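K.L.:
Provided herewith is a single structure, encoded as structure tokens, for subsequent inquiry.
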Amino acid sequence: MEWLQHLLVLPILVPLAVAAVLIPIDERKRTLKGAIGFVSTLVVFVVTMILVRLAAAGGPPGTGVYQLGNWPAPFGIVLVLDRLSALMLCLASGLALAAQVYSMARWHTAGHHFHSLCQLLVAGLNGAFLTGDLFNLFVFFEMMLAASYGLLLHGSGPMRVKAGLHYIAINLAASALFLIGVSLIYGVTGTLNMADLATKLATLAPENRNFVEAGAAILGVAFLVKAGMWPLSFWLPTAYAAATPPVAAVFAVLTKVGIYIIIRLHLLVFGAAAGASTGFGQDWLVAGGMLTIAYGAIGVLASQAMGRLAGYSVLVSSGTLLAALGLGHQGMLAGALFYLVSSTLTIAAFFLLIELVERGRDAGADVLAVTMEAYGDFDEDEEEEEVGVAIPGTMAVLGLCFCLCAVLLSGLPPLSGFIAKFALLHGLFDGPSADLAAATSAADWTYVLLIILSGLAAMIAMNRIGIRTFWASIEGTIPRVVVIEIAPVLVLLGACIFLSLQAGPAMRYMQATADDLLSPLVHSERVLSAPRTGGN
């Protein structure tokens, strides 16, 4: 079926075209703009679901590599579909869909061009996941970042503007590093196609190899800024907490773009076929990942506001993935991919839920609660009020969603957060060596300890905030929640429950994805030998 070959370009072209259509429409017709944006993202989501099935099944010939302009790699621009890129496409478009539905309750009226920026962000994200070369990765990266600048500033307010300016300054610096790194790599190898780069790296002279590794290190810093590795992540909790809820929910997947590129470069370009450069930077990933987990866990414990708690949870998620990649146990990769999906869905749902929970609270309630913790409740001698008041339905639903978020973030059974962490640790202790004690290093045991402690920190923090909000609320106001606000939260948490129930098929998909990633030469051969349309 020839039309299937063109599906690969639709996740980029559809939102890009719709963004252009939405810009000239009058801002007073926001409902119309929202409906068009929703249909566009829904179409992209359906296409990505088909792409996931094609990638899982191998797909008909020609559906995995799309040559723009019909120029073959490495000379032309190619889009590459494999299990990992299909998975990330589906995750990003699903989150964008949930965020757009949520925003149509009220947040899309807080500024101009919200839906156009959302479409540009989706196009940039999808392009970054599909592109097969570093230059176009930079192009899509910049498209994604430019849209995210506008979205972070959406809604205005001093705190949002201050955090947004920090975010813009940091990411502009990262973009400059990106260009320097790409220039160094191209200057030495003469190619920016990742599949071609993977085949050339093993044959480079030692003096040229140093330049490539220097370029890769600079490039890595740019991606680690986006991934939120400590100490490059100081901006992240404040920026994410300041963003409007639908924007923060989509931003949950932005950090995973950095993780995705690092996985791609680390396993494809610096994989088993890279000769002396095999595993380049691995030790830095281990150290940085573990420090990020520790920093994120301390931040989670120290956070009094739910927005900052969610921001630090993003760091814990990033650190867990970076350290798992750096440890180099092949059995951990499938578990890491499962964890990536589960943690991203959970944090996005939590970002959306926070506003609904806090809507019924007075401004400054967190400060007052901290004061009460430090100096005690001055009303503790008063008579207790009558108990037995019926729990309102809204609070019951919000409380149930909060409990699910707490279980997922803490990694408690039986949901996908626990399955993901169990799969990670199982992969860690399921090495090929018969002597497991000799094969397990101090770094491995440190990772296990950090995984347990970060889960414990999340459980304590969520319990503390949950008790304060739902059981000991001093405001007593029931928040007014619209159906299109709570529905995306329920859908995202439902996806986590579905992932838990279908853990077997999901893990088989992740394991097949990991096997593909660990065979870089097969990937390179598939991209470089893809025939042009018409067979010429």
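Every chain in the structure tokens has a letter given in the order shown (A, B, ...), and although residue numbers restart at 1 in each chain, ligands are simply numbered from 1 in the order shown.
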Mind checking which residues fall within 9 Å of A:Lys162, counting only C-alpha atoms, ignoring those fewer than 5 positions away in the same chain, and posting them as a ChimeraX atom specification?

P.N.:
/A:157,167,239

K.L.:
List every residue of stretch 119-147 of chain A that has an atom at most 12 Å from any atom of stretch 249-257 of chain A, and for each one report the closest atom pair and its distance in Å to one decimal, counting only C-alpha atoms, with rows sorted by chain and then by increasing residue number, as a tab-separated table.

P.N.:
```
residue	atom	partner	partner_atom	distance
A:Gln119	CA	A:Val250	CA	11.7
A:Leu121	CA	A:Val250	CA	9.1
A:Val122	CA	A:Val250	CA	9.4
A:Gly124	CA	A:Val257	CA	10.5
A:Leu125	CA	A:Val257	CA	7.6
A:Asn126	CA	A:Val257	CA	9.9
A:Gly127	CA	A:Val257	CA	10.8
A:Ala128	CA	A:Val257	CA	7.6
A:Phe129	CA	A:Val257	CA	7.7
A:Leu130	CA	A:Val257	CA	11.4
A:Leu137	CA	A:Val257	CA	10.7
A:Phe140	CA	A:Val257	CA	11.1
A:Phe141	CA	A:Val257	CA	9.0
A:Met144	CA	A:Leu254	CA	8.8
A:Leu145	CA	A:Leu254	CA	9.2
A:Ala147	CA	A:Phe251	CA	11.2
```

K.L.:
For the residues selected in the previous step, produce a file with C-alpha atoms as a tab-separated table (two decimals), in the first residue's frame.

P.N.:
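The resulting file, selection-v8.tsv, is shown below:
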```
chain	number	residue	atom	x	y	z
A	119	GLN	CA	0.40	22.84	17.15
A	121	LEU	CA	5.10	22.37	19.71
A	122	VAL	CA	3.57	19.09	18.53
A	124	GLY	CA	8.58	20.20	16.67
A	125	LEU	CA	8.31	17.25	19.06
A	126	ASN	CA	7.28	14.84	16.31
A	127	GLY	CA	10.03	16.10	14.01
A	128	ALA	CA	12.67	15.62	16.72
A	129	PHE	CA	11.51	12.03	17.27
A	130	LEU	CA	11.46	11.18	13.55
A	137	LEU	CA	17.18	17.61	14.85
A	140	PHE	CA	12.92	20.70	15.03
A	141	PHE	CA	14.46	21.32	18.44
A	144	MET	CA	9.79	23.03	19.72
A	145	LEU	CA	11.66	25.46	21.98
A	147	ALA	CA	6.77	27.32	20.81
```

K.L.:
Could you give me, as JSON lines, every stretch 388-500 of chain A residue with an atom at most 10 Å from stretch 337-340 of chain A, plus its closest atom pair and distance in Å to one decimal, counting only C-alpha atoms, rows ordered by chain then number?

P.N.:
```
{"residue": "A:Ser416", "atom": "CA", "partner": "A:Tyr339", "partner_atom": "CA", "distance": 8.0}
{"residue": "A:Gly417", "atom": "CA", "partner": "A:Tyr339", "partner_atom": "CA", "distance": 6.9}
{"residue": "A:Phe418", "atom": "CA", "partner": "A:Tyr339", "partner_atom": "CA", "distance": 9.1}
{"residue": "A:Ile419", "atom": "CA", "partner": "A:Tyr339", "partner_atom": "CA", "distance": 8.2}
{"residue": "A:Ala420", "atom": "CA", "partner": "A:Tyr339", "partner_atom": "CA", "distance": 4.7}
{"residue": "A:Lys421", "atom": "CA", "partner": "A:Tyr339", "partner_atom": "CA", "distance": 6.9}
{"residue": "A:Phe422", "atom": "CA", "partner": "A:Tyr339", "partner_atom": "CA", "distance": 9.7}
{"residue": "A:Ala423", "atom": "CA", "partner": "A:Phe338", "partner_atom": "CA", "distance": 8.2}
{"residue": "A:Leu424", "atom": "CA", "partner": "A:Tyr339", "partner_atom": "CA", "distance": 8.0}
{"residue": "A:Leu499", "atom": "CA", "partner": "A:Phe338", "partner_atom": "CA", "distance": 9.0}
```

K.L.:
Would you output that residue set with N, CA, C and O atoms, as a PDB file, in the first residue's frame?

P.N.:
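Saved as selection.pdb:
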```
ATOM      1  N   SER A 416       1.683   0.733  37.401  1.00  0.00           N
ATOM      2  CA  SER A 416       2.805   0.679  36.462  1.00  0.00           C
ATOM      3  C   SER A 416       4.094   1.277  37.022  1.00  0.00           C
ATOM      4  O   SER A 416       5.184   0.929  36.569  1.00  0.00           O
ATOM      5  N   GLY A 417       3.974   2.197  38.003  1.00  0.00           N
ATOM      6  CA  GLY A 417       5.190   2.746  38.615  1.00  0.00           C
ATOM      7  C   GLY A 417       6.010   1.648  39.280  1.00  0.00           C
ATOM      8  O   GLY A 417       7.247   1.610  39.173  1.00  0.00           O
ATOM      9  N   PHE A 418       5.315   0.743  39.966  1.00  0.00           N
ATOM     10  CA  PHE A 418       6.009  -0.390  40.614  1.00  0.00           C
ATOM     11  C   PHE A 418       6.560  -1.359  39.573  1.00  0.00           C
ATOM     12  O   PHE A 418       7.699  -1.827  39.677  1.00  0.00           O
ATOM     13  N   ILE A 419       5.743  -1.661  38.558  1.00  0.00           N
ATOM     14  CA  ILE A 419       6.193  -2.609  37.521  1.00  0.00           C
ATOM     15  C   ILE A 419       7.441  -2.078  36.830  1.00  0.00           C
ATOM     16  O   ILE A 419       8.388  -2.833  36.549  1.00  0.00           O
ATOM     17  N   ALA A 420       7.461  -0.761  36.555  1.00  0.00           N
ATOM     18  CA  ALA A 420       8.612  -0.172  35.875  1.00  0.00           C
ATOM     19  C   ALA A 420       9.874  -0.285  36.726  1.00  0.00           C
ATOM     20  O   ALA A 420      10.942  -0.689  36.231  1.00  0.00           O
ATOM     21  N   LYS A 421       9.750   0.039  38.014  1.00  0.00           N
ATOM     22  CA  LYS A 421      10.932  -0.041  38.881  1.00  0.00           C
ATOM     23  C   LYS A 421      11.365  -1.485  39.093  1.00  0.00           C
ATOM     24  O   LYS A 421      12.569  -1.794  39.154  1.00  0.00           O
ATOM     25  N   PHE A 422      10.394  -2.382  39.182  1.00  0.00           N
ATOM     26  CA  PHE A 422      10.733  -3.803  39.324  1.00  0.00           C
ATOM     27  C   PHE A 422      11.478  -4.287  38.075  1.00  0.00           C
ATOM     28  O   PHE A 422      12.470  -5.024  38.177  1.00  0.00           O
ATOM     29  N   ALA A 423      10.996  -3.866  36.889  1.00  0.00           N
ATOM     30  CA  ALA A 423      11.663  -4.273  35.641  1.00  0.00           C
ATOM     31  C   ALA A 423      13.076  -3.706  35.565  1.00  0.00           C
ATOM     32  O   ALA A 423      14.005  -4.386  35.087  1.00  0.00           O
ATOM     33  N   LEU A 424      13.255  -2.471  36.040  1.00  0.00           N
ATOM     34  CA  LEU A 424      14.595  -1.873  36.053  1.00  0.00           C
ATOM     35  C   LEU A 424      15.545  -2.685  36.941  1.00  0.00           C
ATOM     36  O   LEU A 424      16.662  -3.037  36.529  1.00  0.00           O
ATOM     37  N   LEU A 499      -1.724   0.320  31.295  1.00  0.00           N
ATOM     38  CA  LEU A 499      -0.331  -0.133  31.157  1.00  0.00           C
ATOM     39  C   LEU A 499       0.003  -1.198  32.202  1.00  0.00           C
ATOM     40  O   LEU A 499       0.741  -2.149  31.929  1.00  0.00           O
TER      41      LEU A 499
END
```

K.L.:
Can you check which parts of stretch 64-135 of chain A lie within 12 Å of stretch 20-29 of chain A? Per residue, the shortest pair of atoms and distance in Å to one decimal, counting only C-alpha atoms, sorted by chain and number, as a tab-separated table.

P.N.:
```
residue	atom	partner	partner_atom	distance
A:His108	CA	A:Glu27	CA	10.1
A:Thr109	CA	A:Glu27	CA	8.6
A:Ala110	CA	A:Glu27	CA	10.8
A:Gly111	CA	A:Glu27	CA	9.0
A:His112	CA	A:Glu27	CA	6.6
A:His113	CA	A:Ile23	CA	6.6
A:Phe114	CA	A:Glu27	CA	9.6
A:His115	CA	A:Leu22	CA	7.5
A:Ser116	CA	A:Leu22	CA	5.9
A:Leu117	CA	A:Ile23	CA	9.2
A:Cys118	CA	A:Leu22	CA	10.8
A:Gln119	CA	A:Ala20	CA	9.1
A:Leu120	CA	A:Ala20	CA	9.0
A:Ala123	CA	A:Ala20	CA	11.7
```

K.L.:
From the options A:Tyr447, A:Phe223, A:Trp71, A:Phe498, which residue's atoms come nearest to A:Gly326, counting only C-alpha atoms?

P.N.:
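Checking each of A:Tyr447, A:Phe223, A:Trp71, A:Phe498 against A:Gly326, counting only C-alpha atoms, the winner is A:Tyr447.
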
K.L.:
Counting only C-alpha atoms, which of A:Asp516, A:Glu213, A:Ala457, A:Arg532 gets nearest to A:Leu81?

P.N.:
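Checking each candidate against A:Leu81, we get A:Asp516 as the closest.
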
K.L.:
So which residues of stretch 94-278 of chain A fall under helix (DSSP H, G or I) by DSSP, listed as an NGL selection string?

P.N.:
:A and (94-103 or 107-109 or 114-130 or 134-153 or 158-189 or 194-203 or 206-227 or 236-242 or 245-269 or 275-277)

K.L.:
Just the selected residues (C-alpha atoms), exported as a short mmCIF file (atom, residue, chain, number, x, y, z; two decimals), in the first residue's frame, please.

P.N.:
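Resulting contents of out_16.cif:
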```
data_model
loop_
_atom_site.label_atom_id
_atom_site.label_comp_id
_atom_site.auth_asym_id
_atom_site.auth_seq_id
_atom_site.Cartn_x
_atom_site.Cartn_y
_atom_site.Cartn_z
CA GLY A 94 -1.49 11.70 23.60
CA LEU A 95 -0.26 14.22 26.18
CA ALA A 96 -0.86 17.12 23.79
CA LEU A 97 -4.41 15.90 23.23
CA ALA A 98 -5.11 15.73 26.98
CA ALA A 99 -3.58 19.17 27.57
CA GLN A 100 -5.60 20.77 24.78
CA VAL A 101 -8.88 19.38 26.10
CA TYR A 102 -8.01 20.65 29.59
CA SER A 103 -7.06 24.10 28.30
CA TRP A 107 -6.68 28.53 30.08
CA HIS A 108 -6.75 29.01 26.30
CA THR A 109 -8.39 32.41 26.89
CA PHE A 114 -2.35 29.34 22.46
CA HIS A 115 -3.61 26.71 20.03
CA SER A 116 -1.18 27.77 17.27
CA LEU A 117 1.73 27.42 19.70
CA CYS A 118 0.45 23.99 20.78
CA GLN A 119 0.40 22.84 17.15
CA LEU A 120 3.93 24.14 16.55
CA LEU A 121 5.10 22.37 19.71
CA VAL A 122 3.57 19.09 18.53
CA ALA A 123 5.18 19.50 15.09
CA GLY A 124 8.58 20.20 16.67
CA LEU A 125 8.31 17.25 19.06
CA ASN A 126 7.28 14.84 16.31
CA GLY A 127 10.03 16.10 14.01
CA ALA A 128 12.67 15.62 16.72
CA PHE A 129 11.51 12.03 17.27
CA LEU A 130 11.46 11.18 13.55
CA LEU A 134 21.52 16.01 13.60
CA PHE A 135 20.97 19.20 11.59
CA ASN A 136 17.24 18.67 11.24
CA LEU A 137 17.18 17.61 14.85
CA PHE A 138 18.44 21.13 15.60
CA VAL A 139 15.74 22.62 13.36
CA PHE A 140 12.92 20.70 15.03
CA PHE A 141 14.46 21.32 18.44
CA GLU A 142 14.35 25.07 17.84
CA MET A 143 10.78 24.89 16.55
CA MET A 144 9.79 23.03 19.72
CA LEU A 145 11.66 25.46 21.98
CA ALA A 146 10.30 28.58 20.25
CA ALA A 147 6.77 27.32 20.81
CA SER A 148 7.55 26.37 24.41
CA TYR A 149 8.82 29.91 25.14
CA GLY A 150 5.44 31.35 24.14
CA LEU A 151 3.54 28.66 26.02
CA LEU A 152 5.50 29.13 29.25
CA LEU A 153 4.79 32.86 29.17
CA PRO A 158 5.41 38.23 37.41
CA MET A 159 6.38 34.72 38.54
CA ARG A 160 5.59 33.21 35.14
CA VAL A 161 7.49 35.93 33.27
CA LYS A 162 10.54 35.65 35.55
CA ALA A 163 10.67 31.85 35.27
CA GLY A 164 10.03 32.10 31.53
CA LEU A 165 12.94 34.47 30.98
CA HIS A 166 15.26 32.13 32.88
CA TYR A 167 13.98 29.23 30.78
CA ILE A 168 14.56 31.15 27.54
CA ALA A 169 18.08 32.25 28.51
CA ILE A 170 19.13 28.71 29.53
CA ASN A 171 17.72 27.11 26.41
CA LEU A 172 19.26 29.71 24.10
CA ALA A 173 22.65 28.92 25.65
CA ALA A 174 21.95 25.21 25.13
CA SER A 175 21.06 25.87 21.49
CA ALA A 176 24.39 27.64 20.98
CA LEU A 177 26.20 24.59 22.43
CA PHE A 178 24.12 22.39 20.11
CA LEU A 179 25.40 24.26 17.05
CA ILE A 180 29.03 24.16 18.24
CA GLY A 181 28.84 20.41 18.85
CA VAL A 182 27.18 19.70 15.50
CA SER A 183 29.77 21.85 13.70
CA LEU A 184 32.67 19.95 15.27
CA ILE A 185 31.18 16.58 14.33
CA TYR A 186 30.43 17.64 10.75
CA GLY A 187 33.85 19.24 10.33
CA VAL A 188 35.57 15.92 11.09
CA THR A 189 33.22 13.28 9.67
CA MET A 194 23.14 9.51 12.53
CA ALA A 195 23.11 6.15 10.74
CA ASP A 196 26.05 7.21 8.53
CA LEU A 197 27.87 8.61 11.55
CA ALA A 198 27.54 5.27 13.33
CA THR A 199 29.32 3.47 10.46
CA LYS A 200 32.10 6.06 10.10
CA LEU A 201 33.04 6.45 13.72
CA ALA A 202 34.83 3.11 14.01
CA THR A 203 37.20 3.97 11.15
CA PRO A 206 42.63 8.78 16.76
CA GLU A 207 43.31 12.52 16.33
CA ASN A 208 39.96 13.00 14.57
CA ARG A 209 38.16 10.82 17.09
CA ASN A 210 39.05 13.30 19.84
CA PHE A 211 37.35 16.11 17.94
CA VAL A 212 34.22 14.02 17.41
CA GLU A 213 34.10 13.07 21.07
CA ALA A 214 34.56 16.74 22.05
CA GLY A 215 31.68 17.66 19.74
CA ALA A 216 29.54 14.87 21.19
CA ALA A 217 30.33 16.03 24.73
CA ILE A 218 29.23 19.60 23.91
CA LEU A 219 26.16 18.24 22.17
CA GLY A 220 25.46 16.08 25.22
CA VAL A 221 25.50 19.11 27.54
CA ALA A 222 22.82 20.74 25.37
CA PHE A 223 20.61 17.66 25.61
CA LEU A 224 21.28 17.19 29.33
CA VAL A 225 20.08 20.75 29.97
CA LYS A 226 16.80 19.77 28.35
CA ALA A 227 16.75 16.40 30.15
CA LEU A 236 13.40 23.31 35.83
CA PRO A 237 11.28 23.05 39.03
CA THR A 238 10.59 26.79 39.09
CA ALA A 239 9.77 26.99 35.38
CA TYR A 240 7.48 23.95 35.41
CA ALA A 241 5.71 25.09 38.58
CA ALA A 242 5.12 28.54 37.08
CA PRO A 245 -1.40 23.39 34.06
CA PRO A 246 -1.90 22.28 30.43
CA VAL A 247 1.51 23.68 29.45
CA ALA A 248 3.23 21.98 32.39
CA ALA A 249 1.57 18.69 31.41
CA VAL A 250 3.01 18.89 27.90
CA PHE A 251 6.37 19.99 29.30
CA ALA A 252 6.52 16.64 31.12
CA VAL A 253 7.43 15.10 27.77
CA LEU A 254 9.91 17.86 26.81
CA THR A 255 12.50 16.53 29.25
CA LYS A 256 12.05 13.14 27.61
CA VAL A 257 13.13 14.63 24.28
CA GLY A 258 16.58 15.12 25.79
CA ILE A 259 16.49 11.58 27.17
CA TYR A 260 15.36 10.24 23.77
CA ILE A 261 18.24 11.89 21.89
CA ILE A 262 20.77 10.69 24.46
CA ILE A 263 19.43 7.12 24.15
CA ARG A 264 19.60 7.41 20.36
CA LEU A 265 23.14 8.81 20.20
CA HIS A 266 24.51 6.68 23.02
CA LEU A 267 23.28 3.37 21.60
CA LEU A 268 23.42 4.11 17.86
CA VAL A 269 26.42 6.36 17.33
CA GLY A 275 35.22 0.95 18.06
CA ALA A 276 37.32 2.84 20.61
CA SER A 277 34.45 5.29 21.24
#
```

K.L.:
So, with only C-alpha atoms as the atoms that count, which of A:Ile12, A:Ala273, A:Ala92, A:Leu54 lies closest to A:Leu521?

P.N.:
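Using only C-alpha atoms, A:Leu521 sits closest to A:Ala273.
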
K.L.:
Counting only C-alpha atoms, which of A:Met507, A:Leu32, A:Leu428, A:Val65 gets nearest to A:Glu525?

P.N.:
A:Val65

K.L.:
Please identify which residues in stretch 14-224 of chain A DSSP calls strand (DSSP E) from the backbone, and express them as a PyMOL selection string.

P.N.:
chain A and resi 65-68+77-80

K.L.:
Kindly give the distance, in Å, that separates atom CA of A:Asp515 and atom CA of A:Leu84, rounded to a single decimal.

P.N.:
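So the two atoms, atom CA of A:Asp515 and atom CA of A:Leu84, lie 10.7 Å apart.
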
K.L.:
Which polymer residues have any atom within 12 Å of an atom of A:Leu309, counting only C-alpha atoms, with same-chain residues fewer than 4 positions away left out, as a VMD selection string?

P.N.:
chain A and resid 236 to 238 240 to 241 296 to 305 313 to 316 347 350 to 351 354 405 to 406 409 457 to 462 464 to 465

K.L.:
From the list A:Ile452, A:Leu13, A:Ile36, A:Ala56, which residue is nearest A:Pro505 when using only C-alpha atoms?

P.N.:
A:Ala56

K.L.:
Just checking: using only C-alpha atoms, which residue out of A:Val80, A:Ile293, A:Leu321, A:Val491 ends up closest to A:His523?

P.N.:
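Closest to A:His523 of all the choices is A:Val80.
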
K.L.:
I want to know what sits within 8 Å of A:Thr320, based on only C-alpha atoms, with residues of the same chain fewer than 5 positions away left out; could you give that as a list in words?

P.N.:
Gly289, Met290, Ile293 and Ile451 of chain A

K.L.:
Please compute the atom CA of A:Ala243-atom CA of A:Ser156 distance, one decimal, in Å.

P.N.:
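Going from atom CA of A:Ala243 over to atom CA of A:Ser156 covers 9.5 Å.
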